Number of protein chains: 2
Amino acid sequence: MKSEDRILLGHGSGGKLSHNLLSKLFLKYFQNEELSKLNDAAVLQCQGESIIFSTDSFVVDPVFFPGGDIGKLAVCGTVNDLAVMGARPLYMSVGFILEEGFLFSDLETILGSMRAMSEEAQVQIVTGDTKVVPRGVADKIFINTAGVGVPLRGAHPSGQNAKPGDKIIINGYLADHGITVMAKREGLELDLELKTDSAPLNHMIIDLLKKIPEIHVLRDPTRGGVATTLNEIARQSQVGIKLSEKALPVSPKVSAVCEILGLDPLYIANEGKVIVITPAKHADKVMTVMKQNKYGKNSCMIGEVVDDPKSRVYMETLIGGQRMIEMLAGEQLPRIC
Amino acid sequence: MKSEDRILLGHGSGGKLSHNLLSKLFLKYFQNEELSKLNDAAVLQCQGESIIFSTDSFVVDPVFFPGGDIGKLAVCGTVNDLAVMGARPLYMSVGFILEEGFLFSDLETILGSMRAMSEEAQVQIVTGDTKVVPRGVADKIFINTAGVGVPLRGAHPSGQNAKPGDKIIINGYLADHGITVMAKREGLELDLELKTDSAPLNHMIIDLLKKIPEIHVLRDPTRGGVATTLNEIARQSQVGIKLSEKALPVSPKVSAVCEILGLDPLYIANEGKVIVITPAKHADKVMTVMKQNKYGKNSCMIGEVVDDPKSRVYMETLIGGQRMIEMLAGEQLPRIC
């Protein structure tokens with residue numbers, strides 16, 4: 001049996017292998033226009049109206065970490081997937097897979113997080129399912145959420161819409177989520193007060209789209225990090241993307257951990273970040289609106305869309321060189337969300 | 001630490017403990033009209049139109065069994081949850097949790113089943129997510145599906161609508177799914193050609209509702225079996241339910257296995273069955289329409305709705321006595337779907 005005949009951790013990384021699994025296997029079996037767009041959510045027609053539909057599963061280890069837990073991720077992840085499609089999230093389903101012996105008190109903490117996040121995001125959890133498996137068959141708790149939203153009229157952000165000349169903006173520091181979870185899991189005694197950035201971004205994004213409906217692309221850089229997300233957009237839009245290394249926002253704490261462990265924050269998962277690609281003439285206004293929101297105070301411009309090389313991402317480095325930025329290959333940090 | 005502080009297998013049985021988990025814990029954290037109805041799916045308002053939304057996770061062991069696999073269950077389960085709400089299923093999301101090392105060839109077989117079932121049911125799989133966890137963190141593959149459908153106009157089946165005098169009909173033999181999976185898992189050499197009943201029932205159900213929109217209740221008796229489902233309906237509708245033991249359809253093969261192992265087919269999961277509760281005057285027409293469908297050839301009347309005892313189910317036994325039929329307590333067969 002060859003290793004390529006089996007599922008690897010990298011197939012769940014959000015990077016190159018995930019991309020191959022989706023484009024080579026899933027699209028072979030399920031052919032329809034929506035799935036083939038490879039967006040974060042699907043646009044459906046129901047009774048003549050459009051609705052937006054998305055799903056995500058969460059298997060993070062540990063279940064609890066500084067600033068959040070698996071329940072917070074499960075609500076915010078699906079809320080953000082809908083919001084970056086230009087939708088107002090309204091309803092959510094939740095499916096729990098619980099390991100026999102899981103503590104009720106832990107489940108209650110997780111349900112409390114889900115309630116808090118669904119209240120902040122103003123989405124209703126309307127239907128659900130619970131399965132329990134024997135000890136050792138799953139690890140503590142896995143959660144799936146699916147979400148339904150309605151599109152904001154007049155805004156049509158899509159991964160296919162980036163145009164040369166557009167500016168690329170992000171709402172704050174990179175890699176906070178991934179590094180926080182990794183540090184907690186590995187028991188690193190860092191005394192750095194790391195915290196996940198997990199947050200529901202829908203109110204900020206909707207405010208942004210109402211004020212600047214011309215925004216071309218919105219995407220949340222979760223698994224695979226900013227590097228992978230920008231590569232996906234470059235391919236979908238058939239454009240080049242130029243990043244500026246000196247503009248990339250990384251907190252000193254996260255930067256220190258990344259340096260020690262040899263991790264690149266560009267490839268680490270975020271759970272409360274959005275990449276905004278906007279026509280240059282609206283860039284200042286985008287920055288102003290984002291900075292008014294509590295989740296956008298550290299917004300900054302990190303690069304721009306260029307003509308060439310098509311479907312590729314490169315970075316102007318601190319020392320004045322250029323470096324190609326590829327999609328994540330393999331898996332850096334399994335079970336990060 | 002007391003055992004009641006922890007999740008038990010029975011919390012995922014679909015029976016009494018599942019019911020307690022839902023009504024005491026989940027409804028404490030998530031309060032809204034739809035969730036509190038405890039139906040198989042939620043009715044949502046989007047842009048002034050109603051849509052129906054449901055989710056289910058699948059953790060069946062083994063993944064492959066006679067007549068089906070986890071992929072077939074995942075599509076049919078959500079299709080049927082929507083159909084029994086009086087909805088035409090249109091779209092589905094799918095979330096995979098894969099164990100590192102899972103065979104690609106097995107995944108392809110499962111995707112093939114999902115495609116076949118989604119084609120038969122005429123639903124589109126439009127969005128998805130894949131997570132991979134390290135070896136031993138999950139068992140092979142878990143699947144979550146969520147589904148979106150639109151309500152048939154004029155039909156309003158609901159667990160709350162059963163009325164004294166109504167007839168209770170089921171579309172065939174009990175317990176085929178649960179007994180098949182259990183026999184395969186335990187390696188029983190039965191030579192009985194057992195087969196799951198897993199099937200997409202939406203076309204039969206929609207045909208039924210179009211011809212007899214007066215039907216009061218539709219419900220698929222999955223985990224916890226017919227006994228648990230009827231108890232739920234008796235509580236929701238505040239009525240009594242009388243079953244006739246001699247009318248209960250159990251195949252000789254399944255009956256033999258149940259007898260040997262001391263299992264009661266009334267409590268075993270079905271994955272291609274629907275319970276139809278209809279005003280008596282429409283019962284013959286319901287039977288005629290169901291028998292015309294390939295999934296309804298063995299339809300039969302198994303009981304009726306009565307005034308008393310309210311919220312309870314009882315059975316007239318073969319020897320002329322009466323026996324109370326309670327909800328499933330504890331767990332008979334974990335990982336049955």
# chains A, B, ... in the order shown; residues from 1 in each chain; ligands from 1

$ select_by_dssp --residues "stretch 71-264 of chain B" --states "strand (DSSP E)" --output "PDB file with N, CA, C and O atoms, in the first residue's frame"
ATOM      1  N   ALA B  87     -41.212  19.087   3.604  1.00  0.00           N
ATOM      2  CA  ALA B  87     -40.362  19.920   2.741  1.00  0.00           C
ATOM      3  C   ALA B  87     -39.819  19.125   1.563  1.00  0.00           C
ATOM      4  O   ALA B  87     -39.595  17.917   1.658  1.00  0.00           O
ATOM      5  N   ARG B  88     -39.589  19.819   0.475  1.00  0.00           N
ATOM      6  CA  ARG B  88     -38.873  19.257  -0.653  1.00  0.00           C
ATOM      7  C   ARG B  88     -37.393  19.587  -0.447  1.00  0.00           C
ATOM      8  O   ARG B  88     -37.006  20.758  -0.473  1.00  0.00           O
ATOM      9  N   PRO B  89     -36.546  18.567  -0.195  1.00  0.00           N
ATOM     10  CA  PRO B  89     -35.114  18.838   0.037  1.00  0.00           C
ATOM     11  C   PRO B  89     -34.462  19.327  -1.260  1.00  0.00           C
ATOM     12  O   PRO B  89     -34.703  18.752  -2.315  1.00  0.00           O
ATOM     13  N   LEU B  90     -33.658  20.380  -1.150  1.00  0.00           N
ATOM     14  CA  LEU B  90     -33.026  20.936  -2.351  1.00  0.00           C
ATOM     15  C   LEU B  90     -31.505  20.898  -2.288  1.00  0.00           C
ATOM     16  O   LEU B  90     -30.852  20.573  -3.277  1.00  0.00           O
ATOM     17  N   TYR B  91     -30.950  21.278  -1.147  1.00  0.00           N
ATOM     18  CA  TYR B  91     -29.506  21.476  -1.047  1.00  0.00           C
ATOM     19  C   TYR B  91     -28.962  20.834   0.228  1.00  0.00           C
ATOM     20  O   TYR B  91     -29.659  20.740   1.230  1.00  0.00           O
ATOM     21  N   MET B  92     -27.684  20.478   0.169  1.00  0.00           N
ATOM     22  CA  MET B  92     -27.074  19.841   1.323  1.00  0.00           C
ATOM     23  C   MET B  92     -25.622  20.288   1.476  1.00  0.00           C
ATOM     24  O   MET B  92     -24.922  20.499   0.482  1.00  0.00           O
ATOM     25  N   SER B  93     -25.190  20.438   2.730  1.00  0.00           N
ATOM     26  CA  SER B  93     -23.765  20.632   3.011  1.00  0.00           C
ATOM     27  C   SER B  93     -23.236  19.323   3.564  1.00  0.00           C
ATOM     28  O   SER B  93     -23.994  18.501   4.084  1.00  0.00           O
ATOM     29  N   VAL B  94     -21.915  19.123   3.463  1.00  0.00           N
ATOM     30  CA  VAL B  94     -21.330  17.917   4.033  1.00  0.00           C
ATOM     31  C   VAL B  94     -20.008  18.266   4.713  1.00  0.00           C
ATOM     32  O   VAL B  94     -19.177  18.991   4.153  1.00  0.00           O
ATOM     33  N   GLY B  95     -19.863  17.819   5.958  1.00  0.00           N
ATOM     34  CA  GLY B  95     -18.625  18.015   6.704  1.00  0.00           C
ATOM     35  C   GLY B  95     -18.016  16.661   7.016  1.00  0.00           C
ATOM     36  O   GLY B  95     -18.675  15.809   7.616  1.00  0.00           O
ATOM     37  N   PHE B  96     -16.772  16.460   6.564  1.00  0.00           N
ATOM     38  CA  PHE B  96     -16.087  15.194   6.842  1.00  0.00           C
ATOM     39  C   PHE B  96     -15.079  15.384   7.965  1.00  0.00           C
ATOM     40  O   PHE B  96     -14.325  16.363   7.963  1.00  0.00           O
ATOM     41  N   ILE B  97     -15.032  14.444   8.909  1.00  0.00           N
ATOM     42  CA  ILE B  97     -13.905  14.349   9.837  1.00  0.00           C
ATOM     43  C   ILE B  97     -13.251  13.006   9.534  1.00  0.00           C
ATOM     44  O   ILE B  97     -13.865  11.950   9.701  1.00  0.00           O
ATOM     45  N   LEU B  98     -12.019  13.060   9.016  1.00  0.00           N
ATOM     46  CA  LEU B  98     -11.332  11.855   8.562  1.00  0.00           C
ATOM     47  C   LEU B  98     -10.167  11.549   9.489  1.00  0.00           C
ATOM     48  O   LEU B  98      -9.468  12.449   9.950  1.00  0.00           O
ATOM     49  N   GLU B  99      -9.961  10.257   9.738  1.00  0.00           N
ATOM     50  CA  GLU B  99      -8.803   9.824  10.507  1.00  0.00           C
ATOM     51  C   GLU B  99      -7.623   9.676   9.547  1.00  0.00           C
ATOM     52  O   GLU B  99      -7.767   9.083   8.460  1.00  0.00           O
ATOM     53  N   GLN B 124     -28.792  18.747  -4.235  1.00  0.00           N
ATOM     54  CA  GLN B 124     -27.429  19.096  -4.631  1.00  0.00           C
ATOM     55  C   GLN B 124     -26.551  19.286  -3.404  1.00  0.00           C
ATOM     56  O   GLN B 124     -26.941  19.980  -2.470  1.00  0.00           O
ATOM     57  N   ILE B 125     -25.370  18.690  -3.428  1.00  0.00           N
ATOM     58  CA  ILE B 125     -24.381  18.929  -2.369  1.00  0.00           C
ATOM     59  C   ILE B 125     -23.569  20.142  -2.813  1.00  0.00           C
ATOM     60  O   ILE B 125     -22.809  20.075  -3.778  1.00  0.00           O
ATOM     61  N   VAL B 126     -23.778  21.275  -2.127  1.00  0.00           N
ATOM     62  CA  VAL B 126     -23.289  22.546  -2.645  1.00  0.00           C
ATOM     63  C   VAL B 126     -22.125  23.152  -1.869  1.00  0.00           C
ATOM     64  O   VAL B 126     -21.485  24.092  -2.344  1.00  0.00           O
ATOM     65  N   THR B 127     -21.857  22.662  -0.659  1.00  0.00           N
ATOM     66  CA  THR B 127     -20.762  23.236   0.114  1.00  0.00           C
ATOM     67  C   THR B 127     -20.283  22.182   1.109  1.00  0.00           C
ATOM     68  O   THR B 127     -21.029  21.260   1.447  1.00  0.00           O
ATOM     69  N   GLY B 128     -19.037  22.300   1.552  1.00  0.00           N
ATOM     70  CA  GLY B 128     -18.520  21.272   2.437  1.00  0.00           C
ATOM     71  C   GLY B 128     -17.274  21.692   3.167  1.00  0.00           C
ATOM     72  O   GLY B 128     -16.784  22.818   3.017  1.00  0.00           O
ATOM     73  N   ASP B 129     -16.778  20.780   3.984  1.00  0.00           N
ATOM     74  CA  ASP B 129     -15.597  21.037   4.796  1.00  0.00           C
ATOM     75  C   ASP B 129     -14.959  19.692   5.123  1.00  0.00           C
ATOM     76  O   ASP B 129     -15.658  18.698   5.306  1.00  0.00           O
ATOM     77  N   THR B 130     -13.635  19.667   5.181  1.00  0.00           N
ATOM     78  CA  THR B 130     -12.929  18.433   5.536  1.00  0.00           C
ATOM     79  C   THR B 130     -11.905  18.717   6.610  1.00  0.00           C
ATOM     80  O   THR B 130     -11.085  19.615   6.465  1.00  0.00           O
ATOM     81  N   LYS B 131     -11.959  17.963   7.687  1.00  0.00           N
ATOM     82  CA  LYS B 131     -10.915  18.011   8.706  1.00  0.00           C
ATOM     83  C   LYS B 131     -10.264  16.636   8.767  1.00  0.00           C
ATOM     84  O   LYS B 131     -10.955  15.613   8.607  1.00  0.00           O
ATOM     85  N   VAL B 132      -8.954  16.611   8.992  1.00  0.00           N
ATOM     86  CA  VAL B 132      -8.252  15.346   9.195  1.00  0.00           C
ATOM     87  C   VAL B 132      -7.643  15.376  10.591  1.00  0.00           C
ATOM     88  O   VAL B 132      -7.003  16.366  10.967  1.00  0.00           O
ATOM     89  N   VAL B 133      -7.858  14.317  11.365  1.00  0.00           N
ATOM     90  CA  VAL B 133      -7.279  14.247  12.712  1.00  0.00           C
ATOM     91  C   VAL B 133      -6.266  13.105  12.754  1.00  0.00           C
ATOM     92  O   VAL B 133      -6.349  12.157  11.971  1.00  0.00           O
ATOM     93  N   ILE B 141     -14.026   7.594   9.851  1.00  0.00           N
ATOM     94  CA  ILE B 141     -14.714   8.718   9.204  1.00  0.00           C
ATOM     95  C   ILE B 141     -16.012   9.030   9.940  1.00  0.00           C
ATOM     96  O   ILE B 141     -16.757   8.122  10.305  1.00  0.00           O
ATOM     97  N   PHE B 142     -16.216  10.323  10.182  1.00  0.00           N
ATOM     98  CA  PHE B 142     -17.503  10.810  10.674  1.00  0.00           C
ATOM     99  C   PHE B 142     -18.014  11.799   9.634  1.00  0.00           C
ATOM    100  O   PHE B 142     -17.213  12.536   9.044  1.00  0.00           O
ATOM    101  N   ILE B 143     -19.299  11.832   9.417  1.00  0.00           N
ATOM    102  CA  ILE B 143     -19.874  12.749   8.427  1.00  0.00           C
ATOM    103  C   ILE B 143     -21.014  13.531   9.058  1.00  0.00           C
ATOM    104  O   ILE B 143     -21.875  12.957   9.725  1.00  0.00           O
ATOM    105  N   ASN B 144     -21.022  14.847   8.828  1.00  0.00           N
ATOM    106  CA  ASN B 144     -22.188  15.656   9.183  1.00  0.00           C
ATOM    107  C   ASN B 144     -22.816  16.158   7.885  1.00  0.00           C
ATOM    108  O   ASN B 144     -22.103  16.575   6.971  1.00  0.00           O
ATOM    109  N   THR B 145     -24.125  16.090   7.810  1.00  0.00           N
ATOM    110  CA  THR B 145     -24.817  16.751   6.707  1.00  0.00           C
ATOM    111  C   THR B 145     -25.829  17.737   7.277  1.00  0.00           C
ATOM    112  O   THR B 145     -26.407  17.492   8.337  1.00  0.00           O
ATOM    113  N   ALA B 146     -26.011  18.850   6.591  1.00  0.00           N
ATOM    114  CA  ALA B 146     -27.104  19.762   6.909  1.00  0.00           C
ATOM    115  C   ALA B 146     -27.859  19.967   5.618  1.00  0.00           C
ATOM    116  O   ALA B 146     -27.263  19.932   4.530  1.00  0.00           O
ATOM    117  N   GLY B 147     -29.170  20.139   5.712  1.00  0.00           N
ATOM    118  CA  GLY B 147     -29.978  20.232   4.505  1.00  0.00           C
ATOM    119  C   GLY B 147     -30.926  21.409   4.540  1.00  0.00           C
ATOM    120  O   GLY B 147     -31.355  21.846   5.605  1.00  0.00           O
ATOM    121  N   VAL B 148     -31.208  21.916   3.352  1.00  0.00           N
ATOM    122  CA  VAL B 148     -32.135  23.030   3.185  1.00  0.00           C
ATOM    123  C   VAL B 148     -33.222  22.589   2.207  1.00  0.00           C
ATOM    124  O   VAL B 148     -32.920  22.007   1.164  1.00  0.00           O
ATOM    125  N   GLY B 149     -34.467  22.850   2.564  1.00  0.00           N
ATOM    126  CA  GLY B 149     -35.567  22.515   1.671  1.00  0.00           C
ATOM    127  C   GLY B 149     -36.635  23.584   1.708  1.00  0.00           C
ATOM    128  O   GLY B 149     -36.559  24.521   2.504  1.00  0.00           O
ATOM    129  N   VAL B 150     -37.609  23.436   0.823  1.00  0.00           N
ATOM    130  CA  VAL B 150     -38.719  24.395   0.807  1.00  0.00           C
ATOM    131  C   VAL B 150     -40.009  23.639   1.110  1.00  0.00           C
ATOM    132  O   VAL B 150     -40.199  22.500   0.681  1.00  0.00           O
ATOM    133  N   PRO B 151     -40.915  24.267   1.865  1.00  0.00           N
ATOM    134  CA  PRO B 151     -42.135  23.564   2.272  1.00  0.00           C
ATOM    135  C   PRO B 151     -43.104  23.386   1.102  1.00  0.00           C
ATOM    136  O   PRO B 151     -43.234  24.273   0.269  1.00  0.00           O
ATOM    137  N   LYS B 167     -55.177   7.065  12.401  1.00  0.00           N
ATOM    138  CA  LYS B 167     -54.532   5.773  12.168  1.00  0.00           C
ATOM    139  C   LYS B 167     -53.019   5.962  12.001  1.00  0.00           C
ATOM    140  O   LYS B 167     -52.561   6.996  11.501  1.00  0.00           O
ATOM    141  N   ILE B 168     -52.272   4.934  12.428  1.00  0.00           N
ATOM    142  CA  ILE B 168     -50.804   4.981  12.363  1.00  0.00           C
ATOM    143  C   ILE B 168     -50.308   3.934  11.376  1.00  0.00           C
ATOM    144  O   ILE B 168     -50.602   2.746  11.525  1.00  0.00           O
ATOM    145  N   ILE B 169     -49.555   4.408  10.389  1.00  0.00           N
ATOM    146  CA  ILE B 169     -49.102   3.548   9.290  1.00  0.00           C
ATOM    147  C   ILE B 169     -47.580   3.627   9.192  1.00  0.00           C
ATOM    148  O   ILE B 169     -46.993   4.687   9.435  1.00  0.00           O
ATOM    149  N   ILE B 170     -46.948   2.506   8.849  1.00  0.00           N
ATOM    150  CA  ILE B 170     -45.503   2.528   8.586  1.00  0.00           C
ATOM    151  C   ILE B 170     -45.266   1.828   7.246  1.00  0.00           C
ATOM    152  O   ILE B 170     -46.030   0.948   6.844  1.00  0.00           O
ATOM    153  N   VAL B 217     -49.185  13.758  11.007  1.00  0.00           N
ATOM    154  CA  VAL B 217     -47.811  13.626  11.502  1.00  0.00           C
ATOM    155  C   VAL B 217     -46.995  12.752  10.555  1.00  0.00           C
ATOM    156  O   VAL B 217     -47.491  11.724  10.069  1.00  0.00           O
ATOM    157  N   LEU B 218     -45.751  13.140  10.308  1.00  0.00           N
ATOM    158  CA  LEU B 218     -44.772  12.289   9.627  1.00  0.00           C
ATOM    159  C   LEU B 218     -43.520  12.298  10.489  1.00  0.00           C
ATOM    160  O   LEU B 218     -43.093  13.354  10.954  1.00  0.00           O
ATOM    161  N   ARG B 219     -42.910  11.141  10.676  1.00  0.00           N
ATOM    162  CA  ARG B 219     -41.692  11.130  11.489  1.00  0.00           C
ATOM    163  C   ARG B 219     -40.895   9.885  11.114  1.00  0.00           C
ATOM    164  O   ARG B 219     -41.477   8.819  10.913  1.00  0.00           O
ATOM    165  N   GLY B 240     -52.810   9.622  23.607  1.00  0.00           N
ATOM    166  CA  GLY B 240     -52.340   8.263  23.813  1.00  0.00           C
ATOM    167  C   GLY B 240     -52.126   7.595  22.467  1.00  0.00           C
ATOM    168  O   GLY B 240     -52.708   8.007  21.456  1.00  0.00           O
ATOM    169  N   ILE B 241     -51.275   6.582  22.445  1.00  0.00           N
ATOM    170  CA  ILE B 241     -51.066   5.822  21.212  1.00  0.00           C
ATOM    171  C   ILE B 241     -51.187   4.341  21.530  1.00  0.00           C
ATOM    172  O   ILE B 241     -50.571   3.847  22.479  1.00  0.00           O
ATOM    173  N   LYS B 242     -52.030   3.649  20.742  1.00  0.00           N
ATOM    174  CA  LYS B 242     -52.261   2.213  20.933  1.00  0.00           C
ATOM    175  C   LYS B 242     -51.657   1.465  19.751  1.00  0.00           C
ATOM    176  O   LYS B 242     -52.013   1.733  18.600  1.00  0.00           O
ATOM    177  N   LEU B 243     -50.748   0.554  20.045  1.00  0.00           N
ATOM    178  CA  LEU B 243     -50.141  -0.266  18.994  1.00  0.00           C
ATOM    179  C   LEU B 243     -50.741  -1.659  19.036  1.00  0.00           C
ATOM    180  O   LEU B 243     -51.121  -2.139  20.101  1.00  0.00           O
ATOM    181  N   SER B 244     -50.762  -2.318  17.890  1.00  0.00           N
ATOM    182  CA  SER B 244     -51.220  -3.702  17.830  1.00  0.00           C
ATOM    183  C   SER B 244     -50.011  -4.601  17.573  1.00  0.00           C
ATOM    184  O   SER B 244     -49.374  -4.505  16.521  1.00  0.00           O
TER     185      SER B 244
END

$ residues_around --residues "stretch 253-257 of chain B" --least-positions-apart "4" --cutoff "12 Å" --atoms "only C-alpha atoms" --output "ChimeraX atom specification"
/B:173-183,188-197,248-249,261-266,268

$ residues_around --residues "stretch 21-27 of chain A" --least-positions-apart "4" --cutoff "7 Å" --atoms "only C-alpha atoms" --output "list in words"
His11, Leu17, Gln31 and Ser36 of chain A

$ write_last_selection --atoms "N, CA and C atoms" --output "tab-separated table (two decimals), in the first residue's frame"
chain	number	residue	atom	x	y	z
A	11	HIS	N	-4.12	16.67	4.24
A	11	HIS	CA	-5.38	16.83	3.51
A	11	HIS	C	-6.39	17.67	4.28
A	17	LEU	N	-2.70	20.20	-0.19
A	17	LEU	CA	-3.33	18.88	-0.23
A	17	LEU	C	-4.85	18.97	-0.07
A	31	GLN	N	-20.90	17.48	-8.89
A	31	GLN	CA	-20.72	18.54	-9.88
A	31	GLN	C	-21.89	19.50	-9.84
A	36	SER	N	-18.27	24.22	-7.47
A	36	SER	CA	-17.08	24.41	-8.30
A	36	SER	C	-16.48	25.81	-8.17

$ residues_around --residues "B:Asp220" --least-positions-apart "5" --cutoff "7 Å" --atoms "only C-alpha atoms" --output "list in words"
Val84, Lys273, Val274 and Ile275 of chain B

$ atom_distance --atom1 "atom CA of A:Asp56" --atom2 "atom CA of A:Gly154"
26.6 Å

$ select_by_dssp --residues "stretch 277-313 of chain B" --states "helix (DSSP H, G or I)" --output "PDB file with N, CA, C and O atoms, in the first residue's frame"
ATOM      1  N   ALA B 280     -58.496   8.949  10.126  1.00  0.00           N
ATOM      2  CA  ALA B 280     -58.899   7.591   9.741  1.00  0.00           C
ATOM      3  C   ALA B 280     -59.507   7.548   8.341  1.00  0.00           C
ATOM      4  O   ALA B 280     -59.256   6.619   7.572  1.00  0.00           O
ATOM      5  N   LYS B 281     -60.237   8.596   7.985  1.00  0.00           N
ATOM      6  CA  LYS B 281     -60.936   8.541   6.693  1.00  0.00           C
ATOM      7  C   LYS B 281     -59.970   8.563   5.509  1.00  0.00           C
ATOM      8  O   LYS B 281     -60.351   8.216   4.399  1.00  0.00           O
ATOM      9  N   HIS B 282     -58.735   8.963   5.735  1.00  0.00           N
ATOM     10  CA  HIS B 282     -57.766   8.972   4.630  1.00  0.00           C
ATOM     11  C   HIS B 282     -56.814   7.781   4.677  1.00  0.00           C
ATOM     12  O   HIS B 282     -55.922   7.665   3.836  1.00  0.00           O
ATOM     13  N   ALA B 283     -57.008   6.893   5.666  1.00  0.00           N
ATOM     14  CA  ALA B 283     -56.006   5.846   5.892  1.00  0.00           C
ATOM     15  C   ALA B 283     -55.858   4.904   4.692  1.00  0.00           C
ATOM     16  O   ALA B 283     -54.741   4.553   4.299  1.00  0.00           O
ATOM     17  N   ASP B 284     -56.979   4.516   4.092  1.00  0.00           N
ATOM     18  CA  ASP B 284     -56.884   3.596   2.954  1.00  0.00           C
ATOM     19  C   ASP B 284     -56.151   4.245   1.786  1.00  0.00           C
ATOM     20  O   ASP B 284     -55.320   3.616   1.119  1.00  0.00           O
ATOM     21  N   LYS B 285     -56.443   5.519   1.559  1.00  0.00           N
ATOM     22  CA  LYS B 285     -55.785   6.218   0.452  1.00  0.00           C
ATOM     23  C   LYS B 285     -54.282   6.343   0.718  1.00  0.00           C
ATOM     24  O   LYS B 285     -53.457   6.182  -0.187  1.00  0.00           O
ATOM     25  N   VAL B 286     -53.925   6.621   1.986  1.00  0.00           N
ATOM     26  CA  VAL B 286     -52.504   6.691   2.351  1.00  0.00           C
ATOM     27  C   VAL B 286     -51.822   5.360   2.031  1.00  0.00           C
ATOM     28  O   VAL B 286     -50.757   5.321   1.401  1.00  0.00           O
ATOM     29  N   MET B 287     -52.447   4.257   2.438  1.00  0.00           N
ATOM     30  CA  MET B 287     -51.881   2.926   2.184  1.00  0.00           C
ATOM     31  C   MET B 287     -51.722   2.688   0.679  1.00  0.00           C
ATOM     32  O   MET B 287     -50.682   2.176   0.233  1.00  0.00           O
ATOM     33  N   THR B 288     -52.719   3.053  -0.088  1.00  0.00           N
ATOM     34  CA  THR B 288     -52.665   2.832  -1.535  1.00  0.00           C
ATOM     35  C   THR B 288     -51.510   3.605  -2.167  1.00  0.00           C
ATOM     36  O   THR B 288     -50.719   3.058  -2.947  1.00  0.00           O
ATOM     37  N   VAL B 289     -51.393   4.889  -1.791  1.00  0.00           N
ATOM     38  CA  VAL B 289     -50.322   5.718  -2.373  1.00  0.00           C
ATOM     39  C   VAL B 289     -48.953   5.182  -1.950  1.00  0.00           C
ATOM     40  O   VAL B 289     -48.029   5.071  -2.771  1.00  0.00           O
ATOM     41  N   MET B 290     -48.802   4.816  -0.691  1.00  0.00           N
ATOM     42  CA  MET B 290     -47.500   4.332  -0.217  1.00  0.00           C
ATOM     43  C   MET B 290     -47.106   3.026  -0.908  1.00  0.00           C
ATOM     44  O   MET B 290     -45.955   2.828  -1.276  1.00  0.00           O
ATOM     45  N   LYS B 291     -48.075   2.139  -1.091  1.00  0.00           N
ATOM     46  CA  LYS B 291     -47.762   0.833  -1.686  1.00  0.00           C
ATOM     47  C   LYS B 291     -47.357   0.940  -3.160  1.00  0.00           C
ATOM     48  O   LYS B 291     -46.748   0.025  -3.714  1.00  0.00           O
TER      49      LYS B 291
END

$ closest_residue --among "B:Gly71, B:Pro279, B:Gly48, B:Gly272" --to "chain A" --atoms "only C-alpha atoms"
B:Gly48

$ atom_distance --atom1 "atom CA of B:Met324" --atom2 "atom CA of B:Asp307"
15.1 Å

$ residues_around --residues "B:Leu9" --least-positions-apart "4" --cutoff "7 Å" --atoms "only C-alpha atoms" --output "VMD selection string"
(chain A and resid 100 132 to 134) or (chain B and resid 13 331 334)

$ write_last_selection --atoms "N, CA and C atoms" --output "PDB file, in the first residue's frame"
ATOM      1  N   GLU A 100     -17.929   9.444  25.073  1.00  0.00           N
ATOM      2  CA  GLU A 100     -18.445   8.937  26.347  1.00  0.00           C
ATOM      3  C   GLU A 100     -17.511   9.372  27.476  1.00  0.00           C
ATOM      4  N   VAL A 132     -23.142  10.272  20.585  1.00  0.00           N
ATOM      5  CA  VAL A 132     -22.137   9.934  21.594  1.00  0.00           C
ATOM      6  C   VAL A 132     -21.437   8.664  21.124  1.00  0.00           C
ATOM      7  N   VAL A 133     -20.108   8.667  21.147  1.00  0.00           N
ATOM      8  CA  VAL A 133     -19.344   7.477  20.744  1.00  0.00           C
ATOM      9  C   VAL A 133     -18.580   6.953  21.959  1.00  0.00           C
ATOM     10  N   PRO A 134     -18.278   5.643  21.964  1.00  0.00           N
ATOM     11  CA  PRO A 134     -17.562   5.067  23.116  1.00  0.00           C
ATOM     12  C   PRO A 134     -16.202   5.723  23.329  1.00  0.00           C
TER      13      PRO A 134
ATOM     14  N   SER B  13     -28.446   7.993  22.358  1.00  0.00           N
ATOM     15  CA  SER B  13     -29.267   6.853  21.934  1.00  0.00           C
ATOM     16  C   SER B  13     -30.493   7.252  21.149  1.00  0.00           C
ATOM     17  N   GLU B 331     -28.801   2.688  26.352  1.00  0.00           N
ATOM     18  CA  GLU B 331     -28.376   2.557  24.964  1.00  0.00           C
ATOM     19  C   GLU B 331     -28.300   1.089  24.610  1.00  0.00           C
ATOM     20  N   PRO B 334     -24.859   1.359  20.415  1.00  0.00           N
ATOM     21  CA  PRO B 334     -24.184   2.601  20.054  1.00  0.00           C
ATOM     22  C   PRO B 334     -23.650   2.573  18.616  1.00  0.00           C
TER      23      PRO B 334
END

$ closest_residue --among "A:Ala269, A:Leu318, A:Ala155, A:Met327" --to "A:Ala83" --atoms "only C-alpha atoms"
A:Ala155

$ atom_distance --atom1 "atom CA of B:Lys72" --atom2 "atom CA of B:Met114"
5.4 Å

$ closest_residue --among "A:Val137, A:Ala121, A:Ile206, A:Met85" --to "chain B" --atoms "only C-alpha atoms"
A:Val137
